[in-house]
2 protein chains.
Amino acid sequence: MTNYIEIKAEIIAIGDELLYGQIIDTNSHWISQELDKIGVRVIQRTTVGDHKESMMAAFKAAEKRADIVLITGGLGPTNDDLTKPLLAEYFNCEIKLVPEALEAVRNFFEKRGRELTDLNKLQAHLPTKCTYIPNEIGTAPGMWFEENDTAWMSMPGVPHEMKKLMKDYVIPKIKSMYALPIIYHKIIKTVGIGESWLADLIRDWESNLPNNIKLAYLPSLGQVKLRLTAFGDDYDELQADVETQIELVKPLIEKYIFGYNHETLEESIGRLLKQKNKKVALAESCSGGYISHLITSIPGSSKYFQGALIPYHNEFKSDILNVDKEVLKNKGAVSEETIKQMAENIRVEFKSDYGLASSGIAGPEGGWAEKPVGTVWIACAFEGNTITKKLQLTQDRMLNIQLTAVAVLNLLRLCILEKTE
Amino acid sequence: MTNYIEIKAEIIAIGDELLYGQIIDTNSHWISQELDKIGVRVIQRTTVGDHKESMMAAFKAAEKRADIVLITGGLGPTNDDLTKPLLAEYFNCEIKLVPEALEAVRNFFEKRGRELTDLNKLQAHLPTKCTYIPNEIGTAPGMWFEENDTAWMSMPGVPHEMKKLMKDYVIPKIKSMYALPIIYHKIIKTVGIGESWLADLIRDWESNLPNNIKLAYLPSLGQVKLRLTAFGDDYDELQADVETQIELVKPLIEKYIFGYNHETLEESIGRLLKQKNKKVALAESCSGGYISHLITSIPGSSKYFQGALIPYHNEFKSDILNVDKEVLKNKGAVSEETIKQMAENIRVEFKSDYGLASSGIAGPEGGWAEKPVGTVWIACAFEGNTITKKLQLTQDRMLNIQLTAVAVLNLLRLCILEKTE
């Protein structure tokens, strides 16, 4: 399909604190994203401890598979930091003082009015086979090796130091070394349909995708992302190819698509409300404020979010939200009649175009035969109509809260788009 | 020091979305922490894509090094999910329908009133050499293998499904299989004091800790956890040693300790309110429902949480919460006078013992010289008194919301304990 050579990279993160779960390895994730952007394919990520045999084995295994090996961590001046001596041993060379590096370390400490210790000076001793890569914001320099057709970069584990070395040196260097493929990603974000149903709807389209476009299903709570990845030589061409495919698949799943790429469901709802200059208010019972939190987590949400009422104790559903006491008594708080009044009353009370409501049994306690844990009613009231919906969710309280939120936000989305039926 | 055999584990995370940096691998981090707690040593973590050769090579390499191999991901019903067929190939066995598993998948869909597709049914076909481990909250079951002295567990990549399988099956199973070292952990949870101040307060105590007790500082948003880890052969002895140390450190930091081990700040507040049989209500402005969400995320919170009002648009601070229009006009929504009225009025409106309120500029927009982004007022009203507090937080909206929540919950805690001064 294309005439580029695929460049394979591996990332090796070093540190006991990672394996023991004391620190989460955000470095490997960030490096993955940066390499992905320039069309380098990360084929494996490995995390090992500060342990000679594990590290040497990881180096050897990575060299067999990859064109580029990026190493983070293990560069401190103390004895438990093994990366430098082991790379010297691995490449079979000595460690010698690099005057330029010593100068840099000295400046680093002078700038900060701190004294240079012998331990710090060790940071300027490097394997003779490496190219010294200055680290302007830390004491451990980067080390670049090119041995047996593999390029290696060793970087400190401190995230901002690693990122600066990647941006200033590694990424430009890689671009200059290889004829890289162009990669174009686009993510279609769907809500309200499960992975397998989605797969059924788009099976034919999927099987007819051109060879240079890959599809991945990325499910999360109540949502499924479809990621299209196109490989080739011409960015505009790839973009056009992907957009063509999206136009083909859209009609099949239109109702479920709420956005593209990194837009969240709450962001897309904010976008729709601003476009139509509409306002929304919420009466949250079982979701307990979570939906309001999602909406208000978006900058500028004060333009379309009027406010919310959380009448957690039933008496306030009538006292403050004016739900008919008789309805509450006879039908219960978790009923279609109650949810309808909650949505309609909150809409009026908060002078909104849309009134949303949730009421259910989040669990783990409080369910009974007729209304088991996970029974949730939701509603959206707007001019001239109120849509209600019953959900049968899980036994897990937090999951029920999150799934209720997704369902309510999706119901609002469908009401705004007039796609409820 | 001990006579146990060290059990080595490896974690393999599968998914192109991880290597492309589309999703951050929180699973491996969480599993590392859980294994660390029971004294199993994680020696390597590997991330590979949905790619046969990479996966098979990772299986083989892990088996050579580890006693336990935990695999997450690649279990979806779609074509890009390879874990199941490859494990069958790796262990050289067929894939057959497991009636029990089919029953479970069918129930899963019936419960949700959804139809079972052929694709879903595939989830019930498993390698004949594996033990079927039911996944009560998802469609992809866990698979346990024991081959050539290595134990394997394959789990879905969906975090809450993986976590449930780990807690319900994997951790107990591992404990039953091996003679693990005795490790006793206890975490002291503090709020309202920074890591370095805390370190200053307990420096002498820390330097006098016995050799078999390790201390770790685990800072998170507005909180610092102190984790004490004791290693030895006798559980009761270790527990006694740790408790002795805790009794020594307590007096130094009493005011900041809100709980131990896994008790969250919102749980400890629920405990206190239930103990004293008191009720709370909230008027949330800048925190937009997040505090209510934290409180209601706790099972049984309906016993002490009356409800909340989120008067996001200022007019409702007066119309519904009855804040004096003049005060709002002259002092503004982000002022001590306004927050005082918000807390006192919500307390009355929701018939509560404690009335909490937040009002501030979450950002990124909306700040000005006199009240920059990050300016937040909070208050707690109770019988006979109202405590107000001004916070100067960050430029980051989400951070400001989270830090406000911690400050408000801590203010409530101190009010309940009558430790405000």
# chains A, B, ... in the order shown; residues from 1 in each chain; ligands from 1

$ calpha_fit_rmsd --fixed "chain A" --moving "chain B"
5.5 Å

$ select_by_dssp --residues "stretch 37-196 of chain B" --states "strand (DSSP E or B)" --output "mmCIF file with N, CA, C and O atoms, in the first residue's frame"
data_model
loop_
_atom_site.group_PDB
_atom_site.id
_atom_site.type_symbol
_atom_site.label_atom_id
_atom_site.label_comp_id
_atom_site.auth_asym_id
_atom_site.auth_seq_id
_atom_site.Cartn_x
_atom_site.Cartn_y
_atom_site.Cartn_z
ATOM 1 N N ARG B 41 5.743 -10.102 44.415
ATOM 2 C CA ARG B 41 6.664 -9.157 43.800
ATOM 3 C C ARG B 41 6.413 -9.080 42.295
ATOM 4 O O ARG B 41 6.553 -10.060 41.575
ATOM 5 N N VAL B 42 6.018 -7.900 41.824
ATOM 6 C CA VAL B 42 5.856 -7.695 40.388
ATOM 7 C C VAL B 42 7.245 -7.447 39.802
ATOM 8 O O VAL B 42 7.938 -6.523 40.226
ATOM 9 N N ILE B 43 7.685 -8.306 38.888
ATOM 10 C CA ILE B 43 9.045 -8.161 38.352
ATOM 11 C C ILE B 43 9.046 -7.496 36.974
ATOM 12 O O ILE B 43 10.068 -6.961 36.552
ATOM 13 N N GLN B 44 7.922 -7.508 36.294
ATOM 14 C CA GLN B 44 7.877 -6.848 34.991
ATOM 15 C C GLN B 44 6.442 -6.573 34.579
ATOM 16 O O GLN B 44 5.521 -7.306 34.943
ATOM 17 N N ARG B 45 6.279 -5.468 33.854
ATOM 18 C CA ARG B 45 4.993 -5.163 33.239
ATOM 19 C C ARG B 45 5.244 -4.972 31.760
ATOM 20 O O ARG B 45 6.224 -4.344 31.371
ATOM 21 N N THR B 46 4.377 -5.546 30.946
ATOM 22 C CA THR B 46 4.547 -5.461 29.499
ATOM 23 C C THR B 46 3.247 -5.012 28.864
ATOM 24 O O THR B 46 2.173 -5.449 29.266
ATOM 25 N N THR B 47 3.353 -4.116 27.910
ATOM 26 C CA THR B 47 2.190 -3.706 27.138
ATOM 27 C C THR B 47 2.438 -4.037 25.675
ATOM 28 O O THR B 47 3.467 -3.637 25.126
ATOM 29 N N VAL B 48 1.525 -4.812 25.083
ATOM 30 C CA VAL B 48 1.643 -5.142 23.655
ATOM 31 C C VAL B 48 0.327 -4.813 22.954
ATOM 32 O O VAL B 48 -0.709 -4.659 23.604
ATOM 33 N N ILE B 68 3.253 -16.084 38.413
ATOM 34 C CA ILE B 68 1.880 -15.662 38.122
ATOM 35 C C ILE B 68 1.909 -14.673 36.965
ATOM 36 O O ILE B 68 2.724 -13.745 36.955
ATOM 37 N N VAL B 69 1.037 -14.867 35.982
ATOM 38 C CA VAL B 69 0.931 -13.932 34.867
ATOM 39 C C VAL B 69 -0.505 -13.412 34.818
ATOM 40 O O VAL B 69 -1.446 -14.201 34.697
ATOM 41 N N LEU B 70 -0.649 -12.094 34.972
ATOM 42 C CA LEU B 70 -1.983 -11.490 34.923
ATOM 43 C C LEU B 70 -2.124 -10.695 33.638
ATOM 44 O O LEU B 70 -1.308 -9.820 33.338
ATOM 45 N N ILE B 71 -3.151 -11.026 32.864
ATOM 46 C CA ILE B 71 -3.353 -10.415 31.549
ATOM 47 C C ILE B 71 -4.630 -9.595 31.556
ATOM 48 O O ILE B 71 -5.674 -10.056 32.033
ATOM 49 N N THR B 72 -4.572 -8.362 31.065
ATOM 50 C CA THR B 72 -5.793 -7.561 30.921
ATOM 51 C C THR B 72 -5.977 -7.173 29.454
ATOM 52 O O THR B 72 -5.021 -6.879 28.757
ATOM 53 N N ILE B 95 -11.366 -24.252 21.778
ATOM 54 C CA ILE B 95 -12.314 -23.329 22.402
ATOM 55 C C ILE B 95 -13.705 -23.938 22.286
ATOM 56 O O ILE B 95 -14.120 -24.322 21.197
ATOM 57 N N LYS B 96 -14.366 -24.108 23.439
ATOM 58 C CA LYS B 96 -15.690 -24.746 23.418
ATOM 59 C C LYS B 96 -16.706 -23.930 24.204
ATOM 60 O O LYS B 96 -16.338 -23.175 25.106
ATOM 61 N N LEU B 97 -17.957 -24.147 23.881
ATOM 62 C CA LEU B 97 -19.024 -23.467 24.604
ATOM 63 C C LEU B 97 -19.067 -23.955 26.050
ATOM 64 O O LEU B 97 -18.999 -25.161 26.300
ATOM 65 N N HIS B 125 -17.799 -18.974 24.821
ATOM 66 C CA HIS B 125 -16.905 -20.020 24.311
ATOM 67 C C HIS B 125 -15.508 -19.790 24.877
ATOM 68 O O HIS B 125 -14.948 -18.711 24.713
ATOM 69 N N LEU B 126 -14.986 -20.806 25.586
ATOM 70 C CA LEU B 126 -13.710 -20.621 26.291
ATOM 71 C C LEU B 126 -12.737 -21.755 26.008
ATOM 72 O O LEU B 126 -13.152 -22.860 25.660
ATOM 73 N N PRO B 127 -11.422 -21.476 26.170
ATOM 74 C CA PRO B 127 -10.415 -22.533 26.011
ATOM 75 C C PRO B 127 -10.689 -23.671 26.991
ATOM 76 O O PRO B 127 -10.993 -23.416 28.166
ATOM 77 N N THR B 131 -10.137 -22.501 33.698
ATOM 78 C CA THR B 131 -11.250 -22.493 34.637
ATOM 79 C C THR B 131 -12.071 -21.245 34.363
ATOM 80 O O THR B 131 -11.509 -20.147 34.285
ATOM 81 N N TYR B 132 -13.362 -21.425 34.188
ATOM 82 C CA TYR B 132 -14.252 -20.298 33.900
ATOM 83 C C TYR B 132 -14.481 -19.466 35.165
ATOM 84 O O TYR B 132 -14.910 -19.993 36.186
ATOM 85 N N ILE B 133 -14.146 -18.192 35.119
ATOM 86 C CA ILE B 133 -14.354 -17.303 36.265
ATOM 87 C C ILE B 133 -15.436 -16.282 35.898
ATOM 88 O O ILE B 133 -15.219 -15.427 35.040
ATOM 89 N N GLY B 142 -13.622 -14.106 33.168
ATOM 90 C CA GLY B 142 -12.213 -14.296 33.463
ATOM 91 C C GLY B 142 -11.833 -15.729 33.135
ATOM 92 O O GLY B 142 -12.684 -16.620 33.108
ATOM 93 N N MET B 143 -10.552 -15.940 32.817
ATOM 94 C CA MET B 143 -10.069 -17.291 32.509
ATOM 95 C C MET B 143 -8.823 -17.571 33.337
ATOM 96 O O MET B 143 -7.850 -16.821 33.256
ATOM 97 N N TRP B 144 -8.864 -18.623 34.136
ATOM 98 C CA TRP B 144 -7.741 -18.999 34.984
ATOM 99 C C TRP B 144 -7.087 -20.267 34.428
ATOM 100 O O TRP B 144 -7.773 -21.242 34.145
ATOM 101 N N PHE B 145 -5.775 -20.209 34.234
ATOM 102 C CA PHE B 145 -5.031 -21.378 33.752
ATOM 103 C C PHE B 145 -3.935 -21.721 34.756
ATOM 104 O O PHE B 145 -3.361 -20.835 35.394
ATOM 105 N N GLU B 146 -3.651 -23.013 34.901
ATOM 106 C CA GLU B 146 -2.452 -23.429 35.626
ATOM 107 C C GLU B 146 -1.713 -24.419 34.762
ATOM 108 O O GLU B 146 -2.156 -25.543 34.563
ATOM 109 N N GLU B 147 -0.600 -23.969 34.189
ATOM 110 C CA GLU B 147 0.176 -24.792 33.259
ATOM 111 C C GLU B 147 1.647 -24.666 33.572
ATOM 112 O O GLU B 147 2.135 -23.557 33.842
ATOM 113 N N THR B 150 3.048 -22.411 36.280
ATOM 114 C CA THR B 150 2.709 -20.989 36.239
ATOM 115 C C THR B 150 1.193 -20.836 36.263
ATOM 116 O O THR B 150 0.484 -21.605 35.625
ATOM 117 N N ALA B 151 0.734 -19.870 37.054
ATOM 118 C CA ALA B 151 -0.699 -19.570 37.108
ATOM 119 C C ALA B 151 -0.979 -18.360 36.225
ATOM 120 O O ALA B 151 -0.208 -17.393 36.229
ATOM 121 N N TRP B 152 -2.066 -18.427 35.443
ATOM 122 C CA TRP B 152 -2.418 -17.349 34.514
ATOM 123 C C TRP B 152 -3.836 -16.885 34.784
ATOM 124 O O TRP B 152 -4.715 -17.693 35.066
ATOM 125 N N MET B 153 -4.063 -15.588 34.684
ATOM 126 C CA MET B 153 -5.429 -15.091 34.731
ATOM 127 C C MET B 153 -5.601 -14.073 33.618
ATOM 128 O O MET B 153 -4.809 -13.147 33.486
ATOM 129 N N SER B 154 -6.630 -14.299 32.805
ATOM 130 C CA SER B 154 -6.968 -13.340 31.753
ATOM 131 C C SER B 154 -8.229 -12.597 32.170
ATOM 132 O O SER B 154 -9.228 -13.212 32.548
ATOM 133 N N MET B 155 -8.154 -11.262 32.136
ATOM 134 C CA MET B 155 -9.276 -10.430 32.582
ATOM 135 C C MET B 155 -9.603 -9.370 31.537
ATOM 136 O O MET B 155 -8.735 -8.976 30.763
ATOM 137 N N ILE B 182 4.545 -12.335 55.436
ATOM 138 C CA ILE B 182 3.558 -11.576 56.186
ATOM 139 C C ILE B 182 3.887 -10.101 56.038
ATOM 140 O O ILE B 182 5.013 -9.675 56.288
ATOM 141 N N ILE B 183 2.929 -9.353 55.551
ATOM 142 C CA ILE B 183 3.096 -7.906 55.415
ATOM 143 C C ILE B 183 1.886 -7.254 56.060
ATOM 144 O O ILE B 183 0.752 -7.690 55.832
ATOM 145 N N TYR B 184 2.118 -6.295 56.905
ATOM 146 C CA TYR B 184 0.997 -5.571 57.492
ATOM 147 C C TYR B 184 1.086 -4.097 57.109
ATOM 148 O O TYR B 184 2.097 -3.445 57.334
ATOM 149 N N HIS B 185 0.036 -3.626 56.423
ATOM 150 C CA HIS B 185 -0.031 -2.227 56.007
ATOM 151 C C HIS B 185 -1.036 -1.500 56.865
ATOM 152 O O HIS B 185 -2.101 -2.040 57.143
ATOM 153 N N LYS B 186 -0.750 -0.310 57.256
ATOM 154 C CA LYS B 186 -1.814 0.561 57.765
ATOM 155 C C LYS B 186 -1.562 1.973 57.267
ATOM 156 O O LYS B 186 -0.421 2.450 57.251
ATOM 157 N N ILE B 187 -2.617 2.593 56.812
ATOM 158 C CA ILE B 187 -2.498 3.929 56.255
ATOM 159 C C ILE B 187 -3.189 4.931 57.167
ATOM 160 O O ILE B 187 -4.343 4.733 57.556
ATOM 161 N N ILE B 188 -2.464 5.970 57.554
ATOM 162 C CA ILE B 188 -3.040 7.078 58.307
ATOM 163 C C ILE B 188 -3.432 8.145 57.284
ATOM 164 O O ILE B 188 -2.593 8.575 56.487
ATOM 165 N N LYS B 189 -4.697 8.550 57.273
ATOM 166 C CA LYS B 189 -5.139 9.513 56.265
ATOM 167 C C LYS B 189 -5.325 10.900 56.875
ATOM 168 O O LYS B 189 -6.037 11.065 57.852
ATOM 169 N N THR B 190 -4.616 11.869 56.281
ATOM 170 C CA THR B 190 -4.681 13.237 56.798
ATOM 171 C C THR B 190 -5.213 14.195 55.746
ATOM 172 O O THR B 190 -5.109 13.942 54.548
ATOM 173 N N VAL B 191 -5.781 15.296 56.214
ATOM 174 C CA VAL B 191 -6.291 16.328 55.322
ATOM 175 C C VAL B 191 -6.018 17.690 55.941
ATOM 176 O O VAL B 191 -5.954 17.827 57.164
#

$ interface_residues --of "chain A" --to "chain B" --cutoff "7 Å" --atoms "only C-alpha atoms" --output "number ranges by chain"
A: 19-21, 24, 29-30, 32-33, 36, 42-49, 196, 288-290, 292-293, 296-297, 299, 302, 305-313, 363-364, 392-393, 398

$ residues_around --residues "stretch 242-256 of chain A" --least-positions-apart "6" --cutoff "7 Å" --atoms "only C-alpha atoms" --output "ChimeraX atom specification"
/A:190-193,201-202,205,230

$ write_last_selection --atoms "N, CA and C atoms" --output "short mmCIF file (atom, residue, chain, number, x, y, z; two decimals), in the first residue's frame"
data_model
loop_
_atom_site.label_atom_id
_atom_site.label_comp_id
_atom_site.auth_asym_id
_atom_site.auth_seq_id
_atom_site.Cartn_x
_atom_site.Cartn_y
_atom_site.Cartn_z
N THR A 190 -19.61 7.46 20.13
CA THR A 190 -21.03 7.09 20.16
C THR A 190 -21.50 6.86 21.59
N VAL A 191 -22.80 6.99 21.80
CA VAL A 191 -23.41 6.75 23.10
C VAL A 191 -24.78 6.11 22.90
N GLY A 192 -25.16 5.26 23.87
CA GLY A 192 -26.51 4.68 23.82
C GLY A 192 -26.60 3.38 23.05
N ILE A 193 -25.47 2.80 22.70
CA ILE A 193 -25.49 1.52 21.99
C ILE A 193 -24.24 0.72 22.39
N LEU A 201 -24.33 -3.25 13.29
CA LEU A 201 -24.85 -2.21 12.40
C LEU A 201 -23.85 -1.84 11.30
N ILE A 202 -22.56 -1.92 11.62
CA ILE A 202 -21.56 -1.41 10.66
C ILE A 202 -20.69 -2.53 10.07
N TRP A 205 -19.91 -2.20 6.30
CA TRP A 205 -19.01 -1.06 6.10
C TRP A 205 -17.60 -1.41 6.56
N ALA A 230 -5.58 5.77 9.54
CA ALA A 230 -5.17 5.61 8.14
C ALA A 230 -3.66 5.81 8.02
#

$ closest_residue --among "B:Gln395, B:Asp241, B:Gly332, B:Ala357" --to "B:Val373" --atoms "only C-alpha atoms"
B:Gln395

$ atom_distance --atom1 "atom CA of A:Gln123" --atom2 "atom CA of A:Leu86"
14.7 Å

$ residues_around --residues "A:Thr420" --least-positions-apart "4" --cutoff "12 Å" --atoms "only C-alpha atoms" --output "list in words"
Lys255, Tyr256, Ala379, Cys380, Asn385, Thr386, Ile387, Thr388, Lys389, Asn410, Leu411, Leu412, Arg413, Leu414, Cys415 and Ile416 of chain A

$ select_by_dssp --residues "stretch 12-127 of chain B" --states "helix (DSSP H, G or I)" --output "mmCIF file with C-alpha atoms, in the first residue's frame"
data_model
loop_
_atom_site.group_PDB
_atom_site.id
_atom_site.type_symbol
_atom_site.label_atom_id
_atom_site.label_comp_id
_atom_site.auth_asym_id
_atom_site.auth_seq_id
_atom_site.Cartn_x
_atom_site.Cartn_y
_atom_site.Cartn_z
ATOM 1 C CA ASP B 16 -3.294 -0.989 20.444
ATOM 2 C CA GLU B 17 -5.115 1.865 22.160
ATOM 3 C CA LEU B 18 -2.537 1.670 24.962
ATOM 4 C CA LEU B 19 0.468 1.664 22.615
ATOM 5 C CA THR B 26 -4.292 2.444 34.950
ATOM 6 C CA ASN B 27 -4.982 -1.311 35.237
ATOM 7 C CA SER B 28 -1.338 -2.381 35.501
ATOM 8 C CA HIS B 29 -0.729 0.298 38.117
ATOM 9 C CA TRP B 30 -3.715 -0.821 40.207
ATOM 10 C CA ILE B 31 -2.769 -4.499 39.936
ATOM 11 C CA SER B 32 0.800 -3.634 41.019
ATOM 12 C CA GLN B 33 -0.547 -1.993 44.154
ATOM 13 C CA GLU B 34 -2.827 -4.925 45.006
ATOM 14 C CA LEU B 35 -0.052 -7.499 44.548
ATOM 15 C CA ASP B 36 2.355 -5.370 46.577
ATOM 16 C CA LYS B 37 -0.134 -5.412 49.454
ATOM 17 C CA LYS B 52 -0.471 -12.192 17.425
ATOM 18 C CA GLU B 53 3.337 -12.423 17.399
ATOM 19 C CA SER B 54 3.773 -9.735 20.054
ATOM 20 C CA MET B 55 1.221 -11.341 22.332
ATOM 21 C CA MET B 56 2.583 -14.882 21.965
ATOM 22 C CA ALA B 57 6.141 -13.650 22.581
ATOM 23 C CA ALA B 58 4.989 -11.758 25.672
ATOM 24 C CA PHE B 59 3.251 -14.882 27.015
ATOM 25 C CA LYS B 60 6.364 -17.007 26.472
ATOM 26 C CA ALA B 61 8.747 -14.469 28.023
ATOM 27 C CA ALA B 62 6.509 -13.940 31.052
ATOM 28 C CA GLU B 63 6.111 -17.670 31.685
ATOM 29 C CA LYS B 64 9.925 -18.049 31.821
ATOM 30 C CA ARG B 65 10.257 -15.446 34.581
ATOM 31 C CA THR B 83 -6.494 -12.801 23.811
ATOM 32 C CA LYS B 84 -8.862 -15.780 23.982
ATOM 33 C CA PRO B 85 -7.904 -17.515 20.717
ATOM 34 C CA LEU B 86 -4.218 -16.920 21.364
ATOM 35 C CA LEU B 87 -4.343 -18.308 24.901
ATOM 36 C CA ALA B 88 -6.065 -21.397 23.474
ATOM 37 C CA GLU B 89 -3.286 -21.689 20.910
ATOM 38 C CA TYR B 90 -0.594 -21.005 23.514
ATOM 39 C CA PRO B 99 -23.068 -23.700 29.171
ATOM 40 C CA GLU B 100 -22.624 -22.040 32.581
ATOM 41 C CA ALA B 101 -20.978 -19.065 30.867
ATOM 42 C CA LEU B 102 -23.707 -18.850 28.240
ATOM 43 C CA GLU B 103 -26.273 -18.857 31.029
ATOM 44 C CA ALA B 104 -24.439 -15.969 32.687
ATOM 45 C CA VAL B 105 -24.234 -13.919 29.473
ATOM 46 C CA ARG B 106 -27.911 -14.590 28.788
ATOM 47 C CA ASN B 107 -28.850 -13.449 32.308
ATOM 48 C CA PHE B 108 -26.633 -10.400 31.913
ATOM 49 C CA PHE B 109 -28.629 -9.301 28.873
ATOM 50 C CA GLU B 110 -32.034 -10.373 30.180
ATOM 51 C CA LYS B 111 -31.502 -8.322 33.337
ATOM 52 C CA ASP B 118 -24.553 -14.187 18.226
ATOM 53 C CA LEU B 119 -21.558 -11.977 18.835
ATOM 54 C CA ASN B 120 -22.435 -11.883 22.539
ATOM 55 C CA LYS B 121 -22.840 -15.659 22.618
ATOM 56 C CA LEU B 122 -19.216 -16.004 21.521
ATOM 57 C CA GLN B 123 -18.253 -14.645 24.946
ATOM 58 C CA ALA B 124 -19.364 -17.974 26.421
#

$ closest_residue --among "B:Leu198, B:Leu75, B:Lys167, B:Ile7" --to "B:Thr139" --atoms "only C-alpha atoms"
B:Leu75

$ closest_residue --among "A:Pro134, A:Asn322, A:Ser207, A:Thr229" --to "A:Lys164" --atoms "only C-alpha atoms"
A:Pro134

$ atom_distance --atom1 "atom CA of B:Gly270" --atom2 "atom CA of B:Gly384"
22.2 Å

$ atom_distance --atom1 "atom CA of A:Arg227" --atom2 "atom CA of A:Thr404"
25.2 Å

$ closest_residue --among "A:Leu328, A:Leu215, A:Val323, A:Met166" --to "A:Glu344" --atoms "only C-alpha atoms"
A:Val323

$ closest_residue --among "B:Cys93, B:Leu238, B:Leu82, B:Ala369" --to "B:Asn212" --atoms "only C-alpha atoms"
B:Leu238

$ residues_around --residues "A:Ile5" --least-positions-apart "4" --cutoff "8 Å" --atoms "only C-alpha atoms" --output "PyMOL selection string"
chain A and resi 179-181

$ residues_around --residues "A:Gly138" --least-positions-apart "3" --cutoff "8 Å" --atoms "only C-alpha atoms" --output "mmCIF file with N, CA, C and O atoms, in the first residue's frame"
data_model
loop_
_atom_site.group_PDB
_atom_site.id
_atom_site.type_symbol
_atom_site.label_atom_id
_atom_site.label_comp_id
_atom_site.auth_asym_id
_atom_site.auth_seq_id
_atom_site.Cartn_x
_atom_site.Cartn_y
_atom_site.Cartn_z
ATOM 1 N N PHE A 108 24.277 24.354 36.232
ATOM 2 C CA PHE A 108 22.961 24.046 36.788
ATOM 3 C C PHE A 108 22.921 24.377 38.272
ATOM 4 O O PHE A 108 21.988 25.019 38.760
ATOM 5 N N ASN A 135 20.741 18.183 29.262
ATOM 6 C CA ASN A 135 19.456 18.300 29.939
ATOM 7 C C ASN A 135 19.452 19.644 30.669
ATOM 8 O O ASN A 135 20.039 19.768 31.742
ATOM 9 N N PRO A 141 22.010 13.947 32.181
ATOM 10 C CA PRO A 141 21.929 14.202 30.753
ATOM 11 C C PRO A 141 21.246 13.067 30.002
ATOM 12 O O PRO A 141 21.138 11.956 30.513
ATOM 13 N N GLU A 161 11.586 16.792 32.539
ATOM 14 C CA GLU A 161 12.922 16.677 31.926
ATOM 15 C C GLU A 161 12.867 15.769 30.701
ATOM 16 O O GLU A 161 13.393 16.094 29.632
#

$ decode --residues "stretch 174-182 of chain B" --atoms "N, CA, C and O atoms" --output "short mmCIF file (atom, residue, chain, number, x, y, z; two decimals), in the first residue's frame"
data_model
loop_
_atom_site.label_atom_id
_atom_site.label_comp_id
_atom_site.auth_asym_id
_atom_site.auth_seq_id
_atom_site.Cartn_x
_atom_site.Cartn_y
_atom_site.Cartn_z
N ILE B 174 -4.56 -16.46 44.93
CA ILE B 174 -3.09 -16.37 45.10
C ILE B 174 -2.72 -16.61 46.56
O ILE B 174 -1.81 -17.37 46.86
N LYS B 175 -3.47 -15.99 47.46
CA LYS B 175 -3.18 -16.17 48.89
C LYS B 175 -3.28 -17.64 49.28
O LYS B 175 -2.52 -18.13 50.12
N SER B 176 -4.24 -18.36 48.67
CA SER B 176 -4.44 -19.76 49.03
C SER B 176 -3.37 -20.66 48.41
O SER B 176 -3.12 -21.76 48.89
N MET B 177 -2.73 -20.19 47.33
CA MET B 177 -1.78 -21.06 46.61
C MET B 177 -0.37 -21.03 47.17
O MET B 177 0.35 -22.02 47.10
N TYR B 178 0.05 -19.87 47.68
CA TYR B 178 1.46 -19.72 48.05
C TYR B 178 1.63 -19.33 49.51
O TYR B 178 0.75 -18.72 50.11
N ALA B 179 2.80 -19.68 50.06
CA ALA B 179 3.15 -19.21 51.40
C ALA B 179 3.77 -17.83 51.24
O ALA B 179 4.96 -17.69 50.99
N LEU B 180 2.94 -16.82 51.34
CA LEU B 180 3.42 -15.45 51.11
C LEU B 180 4.01 -14.87 52.39
O LEU B 180 3.66 -15.30 53.49
N PRO B 181 4.93 -13.91 52.25
CA PRO B 181 5.48 -13.26 53.43
C PRO B 181 4.35 -12.56 54.18
O PRO B 181 3.33 -12.24 53.59
N ILE B 182 4.54 -12.33 55.44
CA ILE B 182 3.56 -11.58 56.19
C ILE B 182 3.89 -10.10 56.04
O ILE B 182 5.01 -9.67 56.29
#
